[in-house]
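Asks: First, the structure itself, so that you have it in front of you.
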Amino acid sequence: RPPRPSRPARARSGPAGPVPAPAAPPGANGGRPHWRPWRFRMSNDVWGTPVVDGDLLYVTSFEVHALDVGTGRRQFKTRDVAWAMAVSGGRIHASDGPTLYALDARHGAELWRLRTDAWVYALKADRGTVVTATRGGGVQAWEAANGEKLWEITGAQTEFETPEASPVIHDGTVYVWKNARLLALDARSGTERWSYPVGDGASCGGVPVRLLPAADGRLYMAAGTRVLSIDMAGGRVNWHFEAPAVFLSPPAFAPGPAVTGGGVYLADYLGTVYALDPATGKDRWRIATESRASVEPVLVADGNVHVGSGSAVYTLDAVTGTPKWRFAAGGEIIGAPAVAQGRLHFGSADTVLYTLDASEGQLRWKLSTGGEITGSPVVERGVVYACSKDRCVYALDAGKGTATGRTAQSR
């Protein structure tokens, strides 16, 4: 998690603000010709991936800051530090570690607050339920509307207490790793629906289990060198696939038949990308890239597989695995790329936010910031949002970058 602040939880005022302040919110860049790209400079470090919900952008910079997507002006910020945050159901759910609280997502008014028994290291919200994971093996579920505790278990997730390895909540079920088993629990009652003996950390290659609840009703799980397909309804294992090296990131799923690029896709830590048949678990192809420390899944879009490995982005044909292009950045790829309207956006440790043609790999524009890009870029309605370690949040025209009528280049 990010470094703890050396100041009180209450925010300081400082030289923060939007630069510049445009006049109108964006649409699909369209229909709103007066909108201009903006950046908002924080008083403190910015981390993680921004969250867009309606016409507000939520960013963590010790506190949660809500920015207007059209003007970049800050609408409000939370009173307290937020090490973990989720926006859902019109509420901001967040934790400063020992405290869990909820705010109105539109105005920032506090709705409820409570003390937890241990430090919250992960928080997720879905369909009116908040799930937290706390140091020492605790997993709790809370009523999102009022903070009522629904249930709690202990001795879970003890080997890997990190946000990316935390419990997963999806469609009314919470998936938890406890006592070498994967448990599927009812999100409201905590009742066990099924379990699977996935093994402990050692039997999973010393890496956490990574999960993907997919649209086809199956849970795809990477457990060390294994990939499993499990029916979410009853816990029946459909198949398992064994690879030579461990997977650090969860699987990705693309619906549809294999001839159109449907399948299950993964990349191991050596950078080998696999395409698996969702029905049988057989690998259709596997292609080597370069070693990959990222915990982000590969991205499958429009018949292409995009993967950030080391300091380069590779794009492969989803049907055949044929490499299409490779683009080398000046530093390690940070987070996951985002694809929209034929453009691929990604950030790098070289301080640059890149936008490429997703099919051919040509550079469309790039922006040099004053620090490493943090988290992943987000694209909404023709605008790409990104955070940088220069303490700025950027909102850029996804097609043109910072320019209004020409391609933006690094300065």
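Letters A, B, ... go to the chains of the structure tokens in the order shown; residues in each chain start at 1; ligands are counted from 1 in the same order.
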Tell me which protein, DNA and RNA residues are within 12 Å of stretch 204-208 of chain A, counting only C-alpha atoms, leaving out same-chain ones fewer than 2 positions away, and put them as a PyMOL selection string.
Replies: chain A and resi 157-167+176-178+180-182+197-202+210-211+221-227+242-250+268-269+293+295
Asks: Tell me which protein, DNA and RNA residues are within 6 Å of stretch 82-89 of chain A, counting only C-alpha atoms, leaving out same-chain ones fewer than 4 positions away, and put them as a ChimeraX atom specification.
Replies: /A:62-63,93-96,122-124
Asks: Save the residues we just selected, C-alpha atoms, as a PDB file, in the first residue's frame?
Replies:
ATOM      1  CA  PHE A  62      -4.217  10.605   1.031  1.00  0.00           C
ATOM      2  CA  GLU A  63      -7.888  11.679   1.046  1.00  0.00           C
ATOM      3  CA  HIS A  93     -16.815   3.520   0.868  1.00  0.00           C
ATOM      4  CA  ALA A  94     -13.344   4.018   2.282  1.00  0.00           C
ATOM      5  CA  SER A  95     -11.009   3.151   5.128  1.00  0.00           C
ATOM      6  CA  ASP A  96      -8.125   4.946   6.797  1.00  0.00           C
ATOM      7  CA  ALA A 122      -8.587  -4.086   1.117  1.00  0.00           C
ATOM      8  CA  LEU A 123     -12.144  -2.964   0.470  1.00  0.00           C
ATOM      9  CA  LYS A 124     -14.667  -3.833  -2.249  1.00  0.00           C
TER      10      LYS A 124
END
Asks: Leaving out A:Glu296 and any residue of its chain fewer than 3 positions from it, which residues lie within 10 Å of it when counting only C-alpha atoms, given as a PyMOL selection string?
Replies: chain A and resi 164+248-252+266-267+292-293+299+307-308+334-337+376
Asks: Those selected residues, please, written with all heavy atoms and delivered as a CSV table (one decimal), in the first residue's frame.
Replies:
chain,number,residue,atom,x,y,z
A,164,GLU,N,-4.4,-6.6,-4.1
A,164,GLU,CA,-4.6,-7.4,-5.4
A,164,GLU,C,-4.9,-8.9,-5.1
A,164,GLU,O,-5.5,-9.6,-5.9
A,164,GLU,CB,-3.5,-7.3,-6.3
A,164,GLU,CG,-2.1,-7.9,-5.9
A,164,GLU,CD,-1.3,-6.9,-5.1
A,164,GLU,OE1,-1.8,-5.8,-4.8
A,164,GLU,OE2,-0.1,-7.2,-4.8
A,248,LEU,N,1.1,-14.5,-12.1
A,248,LEU,CA,1.0,-13.4,-11.1
A,248,LEU,C,-0.3,-12.7,-11.3
A,248,LEU,O,-0.7,-12.0,-10.3
A,248,LEU,CB,2.2,-12.4,-11.2
A,248,LEU,CG,3.6,-13.0,-11.1
A,248,LEU,CD1,4.6,-11.9,-11.3
A,248,LEU,CD2,3.8,-13.8,-9.8
A,249,SER,N,-0.9,-12.8,-12.4
A,249,SER,CA,-2.1,-12.0,-12.7
A,249,SER,C,-3.3,-12.9,-13.0
A,249,SER,O,-3.1,-14.1,-13.3
A,249,SER,CB,-1.9,-11.1,-13.9
A,249,SER,OG,-1.5,-11.8,-15.0
A,250,PRO,N,-4.5,-12.4,-12.8
A,250,PRO,CA,-5.7,-13.2,-13.1
A,250,PRO,C,-5.9,-13.5,-14.5
A,250,PRO,O,-5.4,-12.7,-15.4
A,250,PRO,CB,-6.9,-12.4,-12.5
A,250,PRO,CG,-6.4,-11.0,-12.5
A,250,PRO,CD,-4.9,-11.1,-12.3
A,251,PRO,N,-6.8,-14.4,-14.9
A,251,PRO,CA,-7.1,-14.7,-16.3
A,251,PRO,C,-7.9,-13.5,-16.8
A,251,PRO,O,-8.5,-12.7,-16.1
A,251,PRO,CB,-7.9,-16.0,-16.3
A,251,PRO,CG,-7.6,-16.6,-15.0
A,251,PRO,CD,-7.4,-15.5,-14.0
A,252,ALA,N,-8.0,-13.4,-18.2
A,252,ALA,CA,-8.9,-12.5,-18.9
A,252,ALA,C,-9.8,-13.4,-19.7
A,252,ALA,O,-9.4,-14.4,-20.2
A,252,ALA,CB,-8.2,-11.5,-19.7
A,266,LEU,N,-4.1,-15.6,-20.6
A,266,LEU,CA,-3.2,-15.3,-19.4
A,266,LEU,C,-1.8,-15.1,-19.9
A,266,LEU,O,-1.4,-15.5,-21.0
A,266,LEU,CB,-3.2,-16.5,-18.4
A,266,LEU,CG,-4.5,-17.1,-17.9
A,266,LEU,CD1,-5.0,-18.2,-18.7
A,266,LEU,CD2,-4.3,-17.6,-16.4
A,267,ALA,N,-1.0,-14.4,-19.0
A,267,ALA,CA,0.4,-14.3,-19.2
A,267,ALA,C,1.1,-14.7,-17.9
A,267,ALA,O,0.7,-14.2,-16.8
A,267,ALA,CB,0.8,-12.9,-19.6
A,292,ARG,N,7.7,-10.6,-17.0
A,292,ARG,CA,6.5,-9.7,-16.7
A,292,ARG,C,6.3,-9.8,-15.2
A,292,ARG,O,5.9,-10.8,-14.6
A,292,ARG,CB,5.3,-10.2,-17.5
A,292,ARG,CG,4.1,-9.3,-17.3
A,292,ARG,CD,3.0,-9.8,-18.3
A,292,ARG,NE,1.9,-8.9,-18.4
A,292,ARG,CZ,0.8,-8.9,-17.7
A,292,ARG,NH1,0.6,-9.9,-16.8
A,292,ARG,NH2,-0.1,-8.0,-17.8
A,293,ALA,N,6.5,-8.7,-14.5
A,293,ALA,CA,6.2,-8.7,-13.0
A,293,ALA,C,4.8,-8.1,-12.7
A,293,ALA,O,4.4,-8.1,-11.6
A,293,ALA,CB,7.3,-7.8,-12.3
A,299,LEU,N,-5.2,-7.7,-21.7
A,299,LEU,CA,-6.4,-7.0,-22.2
A,299,LEU,C,-6.8,-7.6,-23.6
A,299,LEU,O,-6.0,-7.6,-24.5
A,299,LEU,CB,-6.1,-5.5,-22.3
A,299,LEU,CG,-7.2,-4.7,-22.9
A,299,LEU,CD1,-8.5,-4.7,-22.1
A,299,LEU,CD2,-6.7,-3.2,-23.1
A,307,VAL,N,-0.7,-6.9,-24.1
A,307,VAL,CA,-0.1,-7.3,-22.9
A,307,VAL,C,1.1,-6.4,-22.7
A,307,VAL,O,2.0,-6.2,-23.6
A,307,VAL,CB,0.3,-8.8,-22.9
A,307,VAL,CG1,1.2,-9.1,-24.1
A,307,VAL,CG2,1.1,-9.1,-21.6
A,308,GLY,N,1.2,-5.8,-21.5
A,308,GLY,CA,2.4,-5.0,-21.1
A,308,GLY,C,3.4,-5.9,-20.4
A,308,GLY,O,3.1,-6.5,-19.4
A,334,ILE,N,3.2,0.5,-16.6
A,334,ILE,CA,2.6,0.6,-15.3
A,334,ILE,C,1.1,0.3,-15.5
A,334,ILE,O,0.4,0.9,-16.4
A,334,ILE,CB,2.7,2.1,-14.7
A,334,ILE,CG1,4.2,2.4,-14.5
A,334,ILE,CG2,2.0,2.1,-13.4
A,334,ILE,CD1,5.0,1.5,-13.6
A,335,GLY,N,0.5,-0.5,-14.6
A,335,GLY,CA,-0.9,-0.7,-14.7
A,335,GLY,C,-1.3,-1.5,-15.9
A,335,GLY,O,-0.5,-2.2,-16.5
A,336,ALA,N,-2.6,-1.4,-16.3
A,336,ALA,CA,-3.1,-2.1,-17.4
A,336,ALA,C,-3.4,-1.1,-18.5
A,336,ALA,O,-3.9,0.0,-18.2
A,336,ALA,CB,-4.4,-2.8,-17.0
A,337,PRO,N,-3.2,-1.4,-19.8
A,337,PRO,CA,-3.6,-0.5,-20.9
A,337,PRO,C,-5.2,-0.4,-20.9
A,337,PRO,O,-5.9,-1.3,-20.4
A,337,PRO,CB,-3.1,-1.2,-22.1
A,337,PRO,CG,-2.1,-2.2,-21.7
A,337,PRO,CD,-2.5,-2.6,-20.3
A,376,SER,N,-3.8,2.7,-13.6
A,376,SER,CA,-4.1,2.5,-15.0
A,376,SER,C,-4.9,3.7,-15.5
A,376,SER,O,-5.7,4.3,-14.8
A,376,SER,CB,-4.9,1.3,-15.2
A,376,SER,OG,-4.3,0.1,-14.7
Asks: Can you list, as a ChimeraX atom specification, every protein, DNA or RNA residue that comes within 12 Å of A:Tyr354 when you count only C-alpha atoms, leaving out same-chain residues fewer than 6 positions away?
Replies: /A:312-313,327-331,333-334,337-339,343-348,361-369,373,376-377,384-386,396,398-402,407-410
Asks: Using backbone DSSP assignments, extract all strand (DSSP E or B) residues from stretch 277-319 of chain A; output them as a list in words.
Replies: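 Filtering stretch 277-319 of chain A down to strand (DSSP E or B) leaves Asp283, Arg284, Trp285, Arg286, Ile287, Ala288, Leu299, Val300, Ala301, Asn304, Val305, His306, Val307, Gly308, Ser309, Ala312, Val313, Tyr314, Thr315, Leu316 and Asp317 of chain A.
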Asks: Can you work out which one of A:Lys149, A:Arg188, A:Arg391, A:Arg236 has the shortest atom-to-atom distance to A:Leu114, counting only C-alpha atoms?
Replies: A:Lys149
Asks: What is the atom CA of A:Ser309-atom CA of A:Tyr265 distance in Å, reported with one decimal?
Replies: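 Interatomic distance, atom CA of A:Ser309 to atom CA of A:Tyr265: 14.6 Å.
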Asks: For the atom pair atom CA of A:Gly90 and atom CA of A:Arg106, what is the interatomic distance in Å to one decimal place?
Replies: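 Value for the atom CA of A:Gly90-atom CA of A:Arg106 distance: 7.2 Å.
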Asks: Using only C-alpha atoms, which residues sit within 6 Å of stretch 138-140 of chain A once same-chain residues fewer than 3 positions away are excluded, as a PyMOL selection string?
Replies: chain A and resi 131-134+151-154
Asks: In terms of the shortest atom-to-atom distance over only C-alpha atoms, which of A:Tyr220, A:Phe76, A:Trp47, A:Tyr196 is closest to A:Leu183?
Replies: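 Going through A:Tyr220, A:Phe76, A:Trp47, A:Tyr196 one by one, the smallest distance to A:Leu183 is for A:Tyr196.
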